[in-house]
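Enquirer: Here you go, this is work-v5.csv (CSV, C-alpha atoms).
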```
chain,number,residue,atom,x,y,z
A,83,MET,CA,-50.8,-26.2,4.3
A,84,THR,CA,-48.4,-28.6,5.9
A,85,ALA,CA,-45.1,-26.7,5.1
A,86,VAL,CA,-45.6,-23.6,7.3
A,87,PRO,CA,-41.9,-23.1,8.2
A,88,PHE,CA,-42.1,-21.1,11.4
A,89,SER,CA,-45.1,-22.1,13.5
A,90,SER,CA,-43.8,-21.7,17.0
A,91,GLY,CA,-42.8,-18.5,18.9
A,92,ARG,CA,-39.2,-19.5,19.2
A,93,ALA,CA,-38.7,-19.4,15.4
A,94,ASP,CA,-36.2,-17.2,13.7
A,95,PRO,CA,-38.2,-14.5,12.0
A,96,ASN,CA,-35.1,-12.5,10.7
A,97,GLN,CA,-33.3,-15.7,9.7
A,98,VAL,CA,-30.2,-14.7,11.6
A,99,GLY,CA,-29.4,-18.4,12.0
A,100,ASN,CA,-28.9,-18.6,15.8
A,101,ASP,CA,-31.4,-21.4,15.9
A,102,GLN,CA,-30.7,-23.7,18.8
A,103,ALA,CA,-32.1,-26.7,16.9
A,104,GLY,CA,-29.3,-26.4,14.4
A,105,GLY,CA,-30.5,-28.8,11.7
A,106,HIS,CA,-34.1,-27.5,11.9
A,107,GLY,CA,-33.9,-27.1,8.2
A,108,HIS,CA,-35.5,-23.6,7.9
A,109,ALA,CA,-33.1,-21.1,9.5
A,110,ARG,CA,-31.0,-20.2,6.5
A,111,ALA,CA,-28.0,-19.1,8.4
A,112,ARG,CA,-25.1,-17.5,6.5
A,113,SER,CA,-22.8,-20.1,7.7
A,114,ASP,CA,-25.6,-22.7,8.0
A,115,GLY,CA,-25.8,-23.1,11.8
A,116,GLY,CA,-24.6,-21.0,14.7
A,117,PRO,CA,-22.9,-17.7,14.9
A,118,ALA,CA,-19.9,-16.9,12.8
A,119,PRO,CA,-16.5,-18.2,13.8
A,120,LYS,CA,-14.6,-16.2,16.3
A,121,ARG,CA,-11.9,-15.3,13.8
A,122,ILE,CA,-14.5,-13.5,11.6
A,123,VAL,CA,-16.2,-11.8,14.6
A,124,VAL,CA,-12.8,-10.5,15.9
A,125,SER,CA,-11.5,-9.2,12.6
A,126,TYR,CA,-14.8,-7.7,11.6
A,127,GLY,CA,-14.9,-5.8,14.9
A,128,PHE,CA,-11.3,-4.6,14.3
A,129,TRP,CA,-12.3,-3.6,10.8
A,130,ILE,CA,-15.0,-1.4,12.4
A,131,PHE,CA,-12.4,0.1,14.7
A,132,LEU,CA,-10.1,0.8,11.7
A,133,LEU,CA,-12.9,2.6,9.9
A,134,SER,CA,-13.6,4.7,13.0
A,135,ASP,CA,-9.9,5.5,13.1
A,136,ILE,CA,-10.1,6.6,9.5
A,137,VAL,CA,-13.1,8.9,10.3
A,138,MET,CA,-10.9,10.4,13.1
A,139,PHE,CA,-8.1,11.1,10.6
A,140,SER,CA,-10.6,12.6,8.2
A,141,ALA,CA,-11.4,15.2,10.8
A,142,PHE,CA,-7.7,16.0,11.0
A,143,PHE,CA,-7.5,16.2,7.2
A,144,ALA,CA,-10.5,18.6,7.1
A,145,THR,CA,-8.8,20.8,9.8
A,146,TYR,CA,-5.6,20.8,7.8
A,147,ALA,CA,-7.4,21.6,4.5
A,148,VAL,CA,-9.2,24.5,6.1
A,149,LEU,CA,-6.1,25.9,7.7
A,150,VAL,CA,-3.6,25.3,5.0
A,151,GLY,CA,-3.6,28.9,3.8
A,152,GLU,CA,-3.4,30.4,7.3
A,153,THR,CA,0.4,30.8,7.5
A,154,ALA,CA,0.3,34.0,9.6
A,155,GLY,CA,3.2,35.4,7.4
A,156,GLY,CA,5.3,32.3,8.1
A,157,PRO,CA,6.6,29.7,5.7
A,158,THR,CA,4.2,27.9,3.4
A,159,GLY,CA,4.3,24.2,2.5
A,160,ALA,CA,6.0,24.8,-0.8
A,161,GLN,CA,8.9,26.4,1.1
A,162,LEU,CA,9.2,23.7,3.7
A,163,PHE,CA,8.5,20.3,2.2
A,164,ASP,CA,11.3,18.1,0.8
A,165,LEU,CA,9.6,15.8,-1.7
A,166,ARG,CA,12.7,13.5,-1.9
A,167,ASN,CA,12.4,12.8,1.8
A,168,THR,CA,8.6,12.2,1.4
A,169,GLY,CA,9.4,9.8,-1.5
A,170,ILE,CA,11.8,7.7,0.6
A,171,GLU,CA,9.3,7.6,3.5
A,172,THR,CA,6.5,6.5,1.1
A,173,ALA,CA,8.8,3.7,-0.3
A,174,CYS,CA,9.6,2.5,3.3
A,175,LEU,CA,6.0,2.3,4.3
A,176,LEU,CA,4.9,0.6,1.1
A,177,ALA,CA,7.7,-2.0,1.4
A,178,SER,CA,6.8,-2.6,5.0
A,179,SER,CA,3.2,-3.1,4.0
A,180,PHE,CA,4.3,-5.7,1.4
A,181,THR,CA,6.5,-7.6,3.9
A,182,CYS,CA,3.7,-7.5,6.4
A,183,GLY,CA,1.6,-9.3,3.8
A,184,LEU,CA,4.3,-11.9,3.4
A,185,ALA,CA,4.3,-12.4,7.2
A,186,SER,CA,0.6,-13.2,7.2
A,187,ILE,CA,1.2,-15.7,4.4
A,188,ALA,CA,3.9,-17.3,6.6
A,189,VAL,CA,1.4,-17.5,9.4
A,190,SER,CA,-1.2,-19.3,7.2
A,191,VAL,CA,1.4,-21.9,6.2
A,192,ARG,CA,2.9,-22.1,9.7
A,193,ASN,CA,6.4,-21.2,8.8
A,194,ARG,CA,8.2,-19.6,11.7
A,195,MET,CA,11.4,-18.6,10.0
A,196,TRP,CA,9.6,-16.8,7.2
A,197,PHE,CA,7.4,-15.1,9.8
A,198,TYR,CA,10.3,-13.8,11.8
A,199,ALA,CA,12.2,-12.7,8.7
A,200,ALA,CA,9.2,-10.8,7.2
A,201,MET,CA,8.3,-9.2,10.5
A,202,ALA,CA,11.9,-8.1,11.0
A,203,VAL,CA,12.0,-6.5,7.6
A,204,THR,CA,8.6,-4.8,8.3
A,205,CYS,CA,10.0,-3.5,11.6
A,206,VAL,CA,13.2,-2.1,10.0
A,207,PHE,CA,11.2,-0.3,7.3
A,208,GLY,CA,8.8,1.0,9.9
A,209,LEU,CA,11.6,2.3,12.0
A,210,ALA,CA,13.3,3.9,8.9
A,211,PHE,CA,10.0,5.7,8.2
A,212,LEU,CA,9.7,7.0,11.8
A,213,GLY,CA,13.4,8.1,11.8
A,214,LEU,CA,12.9,10.1,8.6
A,215,GLU,CA,9.7,11.7,9.9
A,216,LEU,CA,11.4,12.7,13.2
A,217,LYS,CA,14.3,14.1,11.3
A,218,GLU,CA,12.0,16.2,9.2
A,219,PHE,CA,10.1,17.4,12.3
A,220,ALA,CA,13.4,18.3,14.1
A,221,SER,CA,14.6,20.3,11.1
A,222,LEU,CA,11.3,22.1,10.8
A,223,VAL,CA,11.4,23.1,14.5
A,224,LEU,CA,15.1,24.2,14.1
A,225,ARG,CA,14.2,26.4,11.2
A,226,GLY,CA,11.6,28.2,13.4
A,227,ALA,CA,8.7,26.4,11.7
A,228,GLY,CA,7.5,24.5,14.8
A,229,PRO,CA,3.8,23.8,15.6
A,230,SER,CA,3.4,27.1,17.3
A,231,ARG,CA,4.4,29.2,14.3
A,232,SER,CA,1.1,29.3,12.5
A,233,ALA,CA,-2.3,27.6,12.3
A,234,PHE,CA,-1.1,25.8,9.1
A,235,LEU,CA,1.9,24.3,11.0
A,236,SER,CA,-0.2,23.4,14.0
A,237,ALA,CA,-2.6,21.4,11.7
A,238,PHE,CA,0.4,19.9,9.8
A,239,PHE,CA,2.1,18.6,13.0
A,240,THR,CA,-1.2,17.3,14.4
A,241,LEU,CA,-2.1,15.4,11.2
A,242,VAL,CA,1.4,14.0,10.4
A,243,GLY,CA,2.3,13.5,14.0
A,244,CYS,CA,-0.9,11.5,14.7
A,245,HIS,CA,0.0,9.2,11.8
A,246,GLY,CA,3.5,8.9,13.2
A,247,LEU,CA,2.1,7.9,16.6
A,248,HIS,CA,0.0,5.2,15.0
A,249,VAL,CA,3.1,3.9,13.3
A,250,SER,CA,5.0,3.9,16.6
A,251,ALA,CA,2.1,2.0,18.2
A,252,GLY,CA,2.1,-0.4,15.3
A,253,ILE,CA,5.8,-1.2,15.8
A,254,LEU,CA,5.3,-1.9,19.5
A,255,TRP,CA,2.4,-4.2,18.5
A,256,LEU,CA,4.6,-5.9,15.8
A,257,LEU,CA,7.3,-6.6,18.4
A,258,THR,CA,4.7,-8.0,20.8
A,259,MET,CA,3.4,-10.3,18.1
A,260,VAL,CA,6.9,-11.6,17.4
A,261,ALA,CA,7.4,-12.3,21.1
A,262,GLN,CA,4.1,-14.0,21.4
A,263,VAL,CA,4.7,-16.3,18.5
A,264,PHE,CA,8.2,-17.0,19.9
A,265,ALA,CA,6.8,-17.9,23.3
A,266,LYS,CA,3.4,-19.5,22.4
A,267,GLY,CA,3.6,-20.5,18.7
A,268,PHE,CA,0.8,-20.1,16.1
A,269,ARG,CA,-2.1,-20.6,18.6
A,270,ALA,CA,-5.6,-19.7,17.3
A,271,ASP,CA,-5.8,-16.6,19.5
A,272,ILE,CA,-2.3,-15.4,18.6
A,273,GLU,CA,-3.2,-15.9,14.9
A,274,ARG,CA,-6.3,-13.7,15.4
A,275,ARG,CA,-4.1,-11.0,16.9
A,276,ILE,CA,-1.7,-11.2,14.0
A,277,LEU,CA,-4.6,-10.8,11.6
A,278,CYS,CA,-5.7,-7.7,13.4
A,279,PHE,CA,-2.1,-6.3,13.4
A,280,ALA,CA,-1.8,-6.9,9.6
A,281,LEU,CA,-5.1,-5.0,9.1
A,282,PHE,CA,-3.8,-2.2,11.2
A,283,TRP,CA,-0.5,-1.9,9.4
A,284,HIS,CA,-2.1,-1.9,5.9
A,285,ALA,CA,-4.7,0.7,7.1
A,286,LEU,CA,-1.8,2.9,8.1
A,287,ASP,CA,-0.4,2.7,4.6
A,288,ILE,CA,-3.8,3.7,3.2
A,289,ILE,CA,-3.8,6.8,5.5
A,290,TRP,CA,-0.3,7.6,4.4
A,291,VAL,CA,-1.4,7.6,0.7
A,292,ALA,CA,-4.0,10.3,1.5
A,293,LEU,CA,-1.4,12.1,3.6
A,294,PHE,CA,1.4,12.4,1.1
A,295,THR,CA,-1.0,13.4,-1.6
A,296,VAL,CA,-2.9,16.1,0.3
A,297,VAL,CA,-0.1,17.4,2.5
A,298,TYR,CA,3.1,17.0,0.6
A,299,LEU,CA,2.4,16.8,-3.1
A,300,MET,CA,-0.4,19.3,-3.1
A,301,GLY,CA,1.5,21.5,-0.7
A,302,ALA,CA,4.6,21.5,-2.9
A,303,SER,CA,2.8,22.2,-6.1
A,304,ARG,CA,0.6,24.9,-4.6
B,272,MET,CA,-31.4,-27.8,2.4
B,273,SER,CA,-30.0,-28.4,-1.0
B,274,LEU,CA,-26.5,-28.1,-2.2
B,275,GLN,CA,-27.5,-25.0,-4.1
B,276,ASP,CA,-28.5,-23.2,-0.9
B,277,ASN,CA,-25.3,-24.1,0.8
B,278,GLN,CA,-23.3,-22.5,-2.0
B,279,SER,CA,-25.3,-19.3,-2.1
B,280,PHE,CA,-24.8,-18.9,1.7
B,281,ALA,CA,-21.1,-19.3,1.8
B,282,PRO,CA,-19.6,-18.4,5.2
B,283,ASP,CA,-18.4,-14.8,5.7
B,284,SER,CA,-14.8,-14.1,5.2
B,285,ALA,CA,-12.9,-11.9,7.6
B,286,PRO,CA,-11.3,-8.7,6.4
B,287,GLY,CA,-7.7,-9.4,5.6
B,288,ASP,CA,-8.3,-13.1,5.1
B,289,GLU,CA,-5.8,-14.6,2.7
B,290,GLN,CA,-8.0,-17.3,1.2
B,291,ALA,CA,-4.8,-19.1,0.4
B,292,GLU,CA,-6.0,-22.5,1.4
B,293,GLY,CA,-6.0,-24.8,-1.6
B,294,HIS,CA,-4.4,-22.2,-3.8
B,295,GLY,CA,-0.8,-22.5,-2.6
B,296,VAL,CA,1.6,-20.0,-1.3
B,297,ALA,CA,2.7,-18.8,-4.7
B,298,SER,CA,-0.6,-17.4,-5.7
B,299,ALA,CA,-1.0,-15.7,-2.3
B,300,VAL,CA,2.4,-14.1,-2.8
B,301,LEU,CA,1.4,-13.1,-6.3
B,302,VAL,CA,-1.6,-11.1,-5.0
B,303,TYR,CA,0.8,-9.0,-2.9
B,304,VAL,CA,3.3,-8.6,-5.7
B,305,ILE,CA,0.5,-7.4,-8.1
B,306,GLY,CA,-0.6,-5.0,-5.4
B,307,LEU,CA,2.9,-3.8,-4.8
B,308,VAL,CA,3.6,-3.2,-8.5
B,309,LEU,CA,0.3,-1.3,-9.0
B,310,ALA,CA,1.0,0.8,-5.8
B,311,ILE,CA,4.5,1.7,-7.0
B,312,VAL,CA,3.3,2.7,-10.4
B,313,LEU,CA,0.5,4.9,-9.0
B,314,THR,CA,2.9,6.5,-6.4
B,315,ALA,CA,5.6,7.2,-8.9
B,316,THR,CA,3.0,8.8,-11.2
B,317,SER,CA,1.8,11.0,-8.3
B,318,PHE,CA,5.3,12.2,-7.5
B,319,TYR,CA,6.1,12.8,-11.2
B,320,ILE,CA,2.8,14.7,-11.8
B,321,ALA,CA,3.3,16.9,-8.8
B,322,GLY,CA,6.7,18.2,-10.0
B,323,THR,CA,6.1,18.4,-13.8
B,324,ASP,CA,5.4,21.3,-16.1
B,325,LEU,CA,4.0,18.9,-18.8
B,326,VAL,CA,0.4,19.1,-17.8
B,327,TRP,CA,-1.9,22.1,-17.3
B,328,ALA,CA,-1.2,23.3,-13.8
B,329,PRO,CA,-4.8,23.5,-12.4
B,330,SER,CA,-5.4,19.9,-13.4
B,331,ILE,CA,-2.6,18.7,-11.1
B,332,PRO,CA,-4.6,18.6,-7.8
B,333,VAL,CA,-7.4,16.7,-9.6
B,334,ALA,CA,-5.0,14.2,-11.0
B,335,LEU,CA,-3.4,13.7,-7.6
B,336,VAL,CA,-6.7,13.0,-5.9
B,337,VAL,CA,-7.7,10.5,-8.6
B,338,LEU,CA,-4.4,8.7,-8.3
B,339,ALA,CA,-4.6,8.6,-4.5
B,340,ILE,CA,-8.1,7.2,-4.6
B,341,ALA,CA,-7.0,4.6,-7.1
B,342,GLN,CA,-4.1,3.6,-4.9
B,343,MET,CA,-6.3,3.3,-1.8
B,344,GLY,CA,-8.5,1.0,-3.9
B,345,VAL,CA,-5.4,-1.1,-4.8
B,346,HIS,CA,-4.4,-1.3,-1.1
B,347,LEU,CA,-8.0,-2.4,-0.1
B,348,VAL,CA,-8.2,-5.1,-2.7
B,349,PHE,CA,-4.7,-6.5,-2.8
B,350,PHE,CA,-3.5,-6.0,0.8
B,351,LEU,CA,-6.7,-5.9,2.9
B,352,HIS,CA,-8.5,-8.4,0.6
B,353,ILE,CA,-11.8,-6.5,0.6
B,354,THR,CA,-13.6,-7.9,-2.4
B,355,THR,CA,-17.1,-7.6,-3.9
B,356,GLY,CA,-17.9,-11.3,-3.3
B,357,PRO,CA,-21.0,-12.4,-1.4
B,358,ASP,CA,-18.8,-13.5,1.5
B,359,ASN,CA,-17.5,-9.9,1.9
B,360,THR,CA,-20.9,-8.1,2.0
B,361,ASN,CA,-20.5,-7.1,5.7
B,362,ASN,CA,-17.0,-5.7,5.2
B,363,VAL,CA,-18.0,-3.7,2.1
B,364,MET,CA,-21.1,-2.3,3.9
B,365,ALA,CA,-19.0,-1.1,6.8
B,366,LEU,CA,-16.5,0.4,4.4
B,367,ALA,CA,-19.3,2.2,2.5
B,368,PHE,CA,-20.6,3.7,5.8
B,369,GLY,CA,-17.1,4.8,6.7
B,370,VAL,CA,-16.6,6.4,3.3
B,371,LEU,CA,-20.0,8.2,3.7
B,372,ILE,CA,-18.9,9.7,7.0
B,373,VAL,CA,-15.5,10.7,5.7
B,374,VAL,CA,-17.1,12.4,2.6
B,375,LEU,CA,-19.7,14.2,4.7
B,376,LEU,CA,-17.1,15.4,7.3
B,377,MET,CA,-14.4,16.6,4.8
B,378,GLY,CA,-16.8,18.0,2.2
B,379,GLY,CA,-19.0,19.7,4.8
B,380,SER,CA,-16.1,21.3,6.6
B,381,LEU,CA,-14.5,22.6,3.4
B,382,TRP,CA,-17.7,23.9,2.1
B,383,ILE,CA,-18.8,25.6,5.2
B,384,MET,CA,-15.4,27.1,6.0
B,385,ALA,CA,-15.0,28.4,2.4
B,386,HIS,CA,-18.4,30.1,2.7
B,387,LEU,CA,-17.5,31.7,6.1
B,388,ASN,CA,-14.2,33.0,4.7
B,389,HIS,CA,-15.9,34.3,1.6
B,390,ASN,CA,-18.6,36.1,3.6
B,391,MET,CA,-16.5,37.4,6.5
B,392,MET,CA,-15.3,41.0,6.6
B,393,PRO,CA,-11.6,41.3,6.0
B,394,MET,CA,-9.7,41.2,9.3
B,395,ASP,CA,-8.2,44.7,9.3
B,396,GLN,CA,-11.7,46.3,8.8
B,397,LEU,CA,-13.1,44.1,11.6
B,398,MET,CA,-10.3,45.3,13.9
B,399,ARG,CA,-10.9,48.9,13.0
B,400,MET,CA,-14.6,48.6,13.9
B,401,GLN,CA,-13.8,47.2,17.3
B,402,ARG,CA,-11.6,50.2,18.3
```
How does the structure come out when it is put into structure tokens?

Expert:
Amino acid sequence: MTAVPFSSGRADPNQVGNDQAGGHGHARARSDGGPAPKRIVVSYGFWIFLLSDIVMFSAFFATYAVLVGETAGGPTGAQLFDLRNTGIETACLLASSFTCGLASIAVSVRNRMWFYAAMAVTCVFGLAFLGLELKEFASLVLRGAGPSRSAFLSAFFTLVGCHGLHVSAGILWLLTMVAQVFAKGFRADIERRILCFALFWHALDIIWVALFTVVYLMGASR
Amino acid sequence: MSLQDNQSFAPDSAPGDEQAEGHGVASAVLVYVIGLVLAIVLTATSFYIAGTDLVWAPSIPVALVVLAIAQMGVHLVFFLHITTGPDNTNNVMALAFGVLIVVLLMGGSLWIMAHLNHNMMPMDQLMRMQR
């Protein structure tokens, strides 16, 4: 009975690994000593935020799905949606997600020129997406199908507009990251922010997949 | 602590981590290219299915949902680098909880509201009763 691992009160009963002694030899930490690196803590926290954002979107999706038939005698989705426009928007967002991935590779190999180029292309595709969406909203309002026309259109503008606001915020964040890399270089904290930005941008594309399927494709084929 | 233990307790990886170190830029880019190609194929199929007369019409929404879920999976794996590896357990658990809430919220809302609509008196009769 000599090998009782945790005899004192300050032992680590749940083996979370925050053992001060470090090389005590028993605390089987995930990373073998001390808490996780800041990079992992930060991006894990941001991942939790993104999931909560997706939960918020799911509430808007549920609202839209409940109200999709309540057109109050007004136009339905099949009469309003232009799938060609939606297709171009989808292509823009997918391409920007790809170039955003290239930008994070450029960060990992510390290549400034590739980073600037990839972020610029991402920004252009994001702005093209926003422009197409605003054009669509404007033409809907001009045709008398604004958000106040019916419960269906209120839910539509809320859901799609919320995604558009996220994309706008993402573009502001993108420009901020480019400016920070320009002014401060690839510092550890800047790198963590770029990682979070890339997660945000890819998550927006995931939400858009649900959006073009539920709203546009199902609406047009209804 | 043996070498075996060290391997089975690999450090966590952050969501979105490239894991490009030691593998070169080319393979990191290749991951994104594979993801892009798969996403394009799935998106194009979705848009094609939505407008076609080739398949039985009531099956179209089901096909669209399946394609969308597949594409979200492609984005998660190839763009966000969420994998099933032991270093990703925390990320996957958080994702699973998020998916649970999303399913409860959407399924519950649709179910309850469909029942309410089904059981509610038609609006014109309701109006007549209130006069």

Enquirer: Smallest atom-to-atom distance to Ala321 in chain B: which of A:Leu149, A:Leu165, A:Val191, A:Phe197, using all atoms listed in the file?

Expert: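 Closest to Ala321 in chain B of all the choices is A:Leu165.
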
Enquirer: Quick one: pull the distance between CA of Ala185 in chain A and CA of Trp255 in chain A, Å, one decimal.

Expert: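 A separation of 14.1 Å between them.
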
Enquirer: Would you work out the distance separating CA of Leu381 in chain B from CA of Thr240 in chain A, expressed in Å to one decimal?

Expert: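 Rounded to one decimal, the two atoms are 18.1 Å apart.
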
Enquirer: Give me, as a PyMOL selection string, all polymer residues having an atom no more than 12 Å from Gly267 in chain A, counting only C-alpha atoms and skipping those fewer than 4 positions away in the same chain.

Expert: chain A and resi 189+192-195+197-198+259-263+271-273+276

Enquirer: Give as a list in words every residue of chain A that touches chain B within 6 Å, counting only C-alpha atoms.

Expert: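 My answer is Arg112, Ser113, Ile122, Ser125, Leu133, Val137, Ser140, Ala144, Ile288, Leu299 and Ser303 of chain A.
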
Enquirer: Separation of CA of Leu209 in chain A and CA of Leu175 in chain A, in Å?

Expert: 9.5 Å

Enquirer: For Phe128 in chain A, which residue out of A:Thr258, A:Gly228, A:His248, A:Ala285 is the nearest one, using only C-alpha atoms?

Expert: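 When distances to Phe128 in chain A are compared using only C-alpha atoms, the smallest one comes from A:Ala285.
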
Enquirer: List as a list in words the protein and nucleic acid residues near Gly208 in chain A, meaning an atom at most 8 Å away when all atoms listed in the file are counted, but skip any in the same chain fewer than 3 places from it.

Expert: Cys174, Leu175, Ser178, Thr204, Cys205, Phe211, Leu212, Val249 and Ile253 of chain A

Enquirer: Taking (7.6, 5.1, 2.2) in the coordinates of the supplied file, I want to know which residues reach to within 9 Å of it, counting all atoms listed in the file; could you give the answer as a VMD selection string?

Expert: chain A and resid 168 to 178 207 to 208 210 to 211 287 290

Enquirer: Write to file, as a PDB file, in the frame of the given file, the residues of the selection just made, with C-alpha atoms.

Expert:
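Okay, this is what ended up in selection_27.pdb:
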```pdb
ATOM      1  CA  THR A 168       8.600  12.200   1.400  1.00  0.00           C
ATOM      2  CA  GLY A 169       9.400   9.800  -1.500  1.00  0.00           C
ATOM      3  CA  ILE A 170      11.800   7.700   0.600  1.00  0.00           C
ATOM      4  CA  GLU A 171       9.300   7.600   3.500  1.00  0.00           C
ATOM      5  CA  THR A 172       6.500   6.500   1.100  1.00  0.00           C
ATOM      6  CA  ALA A 173       8.800   3.700  -0.300  1.00  0.00           C
ATOM      7  CA  CYS A 174       9.600   2.500   3.300  1.00  0.00           C
ATOM      8  CA  LEU A 175       6.000   2.300   4.300  1.00  0.00           C
ATOM      9  CA  LEU A 176       4.900   0.600   1.100  1.00  0.00           C
ATOM     10  CA  ALA A 177       7.700  -2.000   1.400  1.00  0.00           C
ATOM     11  CA  SER A 178       6.800  -2.600   5.000  1.00  0.00           C
ATOM     12  CA  PHE A 207      11.200  -0.300   7.300  1.00  0.00           C
ATOM     13  CA  GLY A 208       8.800   1.000   9.900  1.00  0.00           C
ATOM     14  CA  ALA A 210      13.300   3.900   8.900  1.00  0.00           C
ATOM     15  CA  PHE A 211      10.000   5.700   8.200  1.00  0.00           C
ATOM     16  CA  ASP A 287      -0.400   2.700   4.600  1.00  0.00           C
ATOM     17  CA  TRP A 290      -0.300   7.600   4.400  1.00  0.00           C
TER      18      TRP A 290
END
```

Enquirer: Enclose range 311-328 of chain B, meaning all of its atoms listed in the file, in a box aligned along x, y and z, pad it by 5 Å on each side, and list the centre and edge lengths in Å to one decimal, as lines of an AutoDock Vina configuration file.

Expert:
```
center_x = 2.4
center_y = 12.5
center_z = -12.6
size_x = 18.6
size_y = 31.6
size_z = 22.4
```

Enquirer: Using all atoms listed in the file, which of A:Phe163, A:Phe282, A:Phe143, A:Phe268 sits nearest Leu222 in chain A?

Expert: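 Using all atoms listed in the file, Leu222 in chain A sits closest to A:Phe163.
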
Enquirer: Once N, CA and C atoms are restored for range 154-171 of chain A, what would the output be as a compact mmCIF listing (two decimals), in the coordinates of the input?

Expert:
```
# COMPACT_ATOMS: atom_id res chain seq x y z
N ALA A 154 0.00 32.92 8.67
CA ALA A 154 0.30 34.00 9.60
C ALA A 154 1.68 34.66 9.18
N GLY A 155 1.93 34.81 7.89
CA GLY A 155 3.20 35.40 7.40
C GLY A 155 4.37 34.49 7.51
N GLY A 156 4.17 33.26 8.00
CA GLY A 156 5.30 32.30 8.10
C GLY A 156 5.47 31.52 6.83
N PRO A 157 6.32 30.50 6.89
CA PRO A 157 6.60 29.70 5.70
C PRO A 157 5.41 28.89 5.23
N THR A 158 5.30 28.71 3.92
CA THR A 158 4.20 27.90 3.40
C THR A 158 4.79 26.46 3.13
N GLY A 159 3.88 25.56 2.79
CA GLY A 159 4.30 24.20 2.50
C GLY A 159 5.30 24.08 1.41
N ALA A 160 5.09 24.89 0.37
CA ALA A 160 6.00 24.80 -0.80
C ALA A 160 7.43 25.16 -0.38
N GLN A 161 7.60 26.04 0.62
CA GLN A 161 8.90 26.40 1.10
C GLN A 161 9.55 25.37 2.01
N LEU A 162 8.68 24.57 2.67
CA LEU A 162 9.20 23.70 3.70
C LEU A 162 9.40 22.26 3.30
N PHE A 163 8.52 21.75 2.40
CA PHE A 163 8.50 20.30 2.20
C PHE A 163 9.63 19.89 1.25
N ASP A 164 10.22 18.75 1.58
CA ASP A 164 11.30 18.10 0.80
C ASP A 164 10.69 16.85 0.19
N LEU A 165 10.34 16.89 -1.10
CA LEU A 165 9.60 15.80 -1.70
C LEU A 165 10.50 14.51 -1.78
N ARG A 166 11.82 14.69 -1.83
CA ARG A 166 12.70 13.50 -1.90
C ARG A 166 12.57 12.71 -0.59
N ASN A 167 12.57 13.43 0.52
CA ASN A 167 12.40 12.80 1.80
C ASN A 167 11.04 12.08 1.89
N THR A 168 9.98 12.76 1.43
CA THR A 168 8.60 12.20 1.40
C THR A 168 8.62 10.90 0.56
N GLY A 169 9.32 10.96 -0.59
CA GLY A 169 9.40 9.80 -1.50
C GLY A 169 9.99 8.60 -0.80
N ILE A 170 11.10 8.83 -0.07
CA ILE A 170 11.80 7.70 0.60
C ILE A 170 10.85 7.17 1.72
N GLU A 171 10.19 8.08 2.46
CA GLU A 171 9.30 7.60 3.50
C GLU A 171 8.16 6.76 2.90
```
